[in-house]
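Q: Handing you a structure now.
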Amino acid sequence: MSPKSRIAPVRWNPPPVPPVRQPRALDVEVVALPGEGPEDVLIDEDGSVVTGLLDGRILRVSADGRTITTLADTGGRPLGLEWLPDGKMLVCDADRGLLTLDKDNRLATLLDEVDGRPMKFCNNADVLPDGTIYFTDSSTRYGVAEWMADLLEHSATGSVYRLTPDGELTRLATGRPFPNGVALSGDRNTLFYAETGSYGLYKLDLTNPDAEPVLVASVPGLPDNIARGSDGLIWVAIGSPRNTLLDFLLPKQPVLRKVVWALPEAVKPKAADIIEIQAYDDDGNLVHDLRGKHADFHMPTGVRERDGKVWLGSIGTTTLATFPTPPR
């Protein structure tokens, strides 16, 4: 990232740090990949896992982790992945927008601009059985390579959208600080989404066209992708615990964050070297609170639970991680 990039910080008062937690210990196994940054994970019918890498490749990893094949190369930065009702894969490519990947591994562009503006940070999605897509565009100012700039600036330019099968696009929420992962409720009347910039899990009432985002839970860190598991829970990947320096700077003079942004990469705030995952029910009750460490995996950004197994992706590693679904 160019050190000459300019930010225009906005003052913001972070919410109080959540009460002291007692997370359950988490042990994971890892699967090495031939590339960096498997940001999200998607599970296929045979238990294999699909993920997108920093270099644009989309990989399929067999359920046992022994066989890895390349499905496609988007030429951009694939982030969130979802299945569409017709069997195609939906790819949220931060650089190219909403893409589809068919069973013959052919890519097509579904949506790449909003109101004549190319999407800068298409991030994550969930899909209704009729093909309606809910997705986030995290920022209109910064792309994926400058995600830290958006968090430091806190200018709140992200939006949540709905795209119907006939192509109608509706902005459901706007002016949000880094909206990220999205997941539909069990009855599909509510859309949950993670707001990385405000450390929150929010919901939108889809039955009310005038609904405003409502805070469901304060997350003890930077929530990233979220996904509904086969267990009915909303799983939340926490990329990093809250950063003390960032919390200190956000309500202070904006020039202080400009100074931090100008610092060498080695001394800028970084994600902690731990793994934190949570899971909530549709009422916002915390069901699982997990924390662990592994030498080859940290900074979880993608999470997917299915049939007793949880898979994790990370923009900060060259591995996927997995662990058994914990008992309630």
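FYI, nothing fancy with the structure tokens labels: chains A, B, ... in order, residues from 1 per chain, ligands from 1 as they appear.
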Give me, as a ChimeraX atom specification, the residues of stretch 68-199 of chain A that a backbone DSSP run labels alpha helix (DSSP H).
A: /A:147-153
Q: Excluding stretch 168-179 of chain A and its own-chain neighbours fewer than 5 positions away, which residues fall within 10 Å of it when counting only C-alpha atoms? Please give them as a VMD selection string.
A: chain A and resid 111 114 to 115 121 123 to 124 132 to 140 147 150 to 151 153 to 163 193 to 202 204 to 206 209 to 213 223 to 225
Q: Name the closest residue to A:Arg228 among the candidates A:Arg188, A:Arg304, A:His288, A:Lys252; distances are taken between atoms, counting only C-alpha atoms.
A: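 Closest to A:Arg228, using only C-alpha atoms: A:Arg304.
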Q: Pick out the residues sitting within 9 Å of A:Ala227, and hand them over as a list in words; count only C-alpha atoms, and ignore anything fewer than 5 positions along from it in its own chain.
A: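 Residues meeting the cut-off are Asp126, Gly181, Val182, Ala183, Leu184, Leu233, Ile234, Trp235, Val236, Ala237, Gly302, Val303, Arg304 and Glu305 of chain A.
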Q: Limited to C-alpha atoms, could you put the picked residues into a file as a PDB file, in the first residue's frame?
A:
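Below you can see result.pdb, which holds the result:
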ATOM      1  CA  ASP A 126     -26.160 -14.207   1.474  1.00  0.00           C
ATOM      2  CA  GLY A 181     -20.420 -10.227   6.599  1.00  0.00           C
ATOM      3  CA  VAL A 182     -24.148 -10.870   6.091  1.00  0.00           C
ATOM      4  CA  ALA A 183     -26.458 -13.766   7.024  1.00  0.00           C
ATOM      5  CA  LEU A 184     -30.210 -14.267   6.817  1.00  0.00           C
ATOM      6  CA  LEU A 233     -26.567 -20.316  14.545  1.00  0.00           C
ATOM      7  CA  ILE A 234     -24.953 -17.190  13.109  1.00  0.00           C
ATOM      8  CA  TRP A 235     -21.210 -17.777  13.208  1.00  0.00           C
ATOM      9  CA  VAL A 236     -18.985 -14.696  13.449  1.00  0.00           C
ATOM     10  CA  ALA A 237     -15.303 -14.544  12.528  1.00  0.00           C
ATOM     11  CA  GLY A 302     -14.248 -16.374   7.185  1.00  0.00           C
ATOM     12  CA  VAL A 303     -16.264 -18.988   9.083  1.00  0.00           C
ATOM     13  CA  ARG A 304     -18.628 -21.735   7.981  1.00  0.00           C
ATOM     14  CA  GLU A 305     -20.294 -24.453  10.105  1.00  0.00           C
TER      15      GLU A 305
END
Q: Which one of A:Ala8, A:Val91, A:Leu250, A:Leu26 sits closest to A:Thr51 if you count only C-alpha atoms?
A: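 Closest residue, counting only C-alpha atoms: A:Val91.
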Q: Out of A:Cys122, A:Ala25, A:Leu320, A:Ile277, which residue has the shortest atom-to-atom distance to A:Asp64 when counting only C-alpha atoms?
A: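 Nearest candidate to A:Asp64 out of A:Cys122, A:Ala25, A:Leu320, A:Ile277: A:Leu320.
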Q: Please determine, counting only C-alpha atoms, which residue among A:Pro38, A:Gly232, A:Gly131, A:Gly52 has the shortest atom-to-atom distance to A:Leu71.
A: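 The shortest atom-to-atom distance to A:Leu71 comes from A:Gly52.
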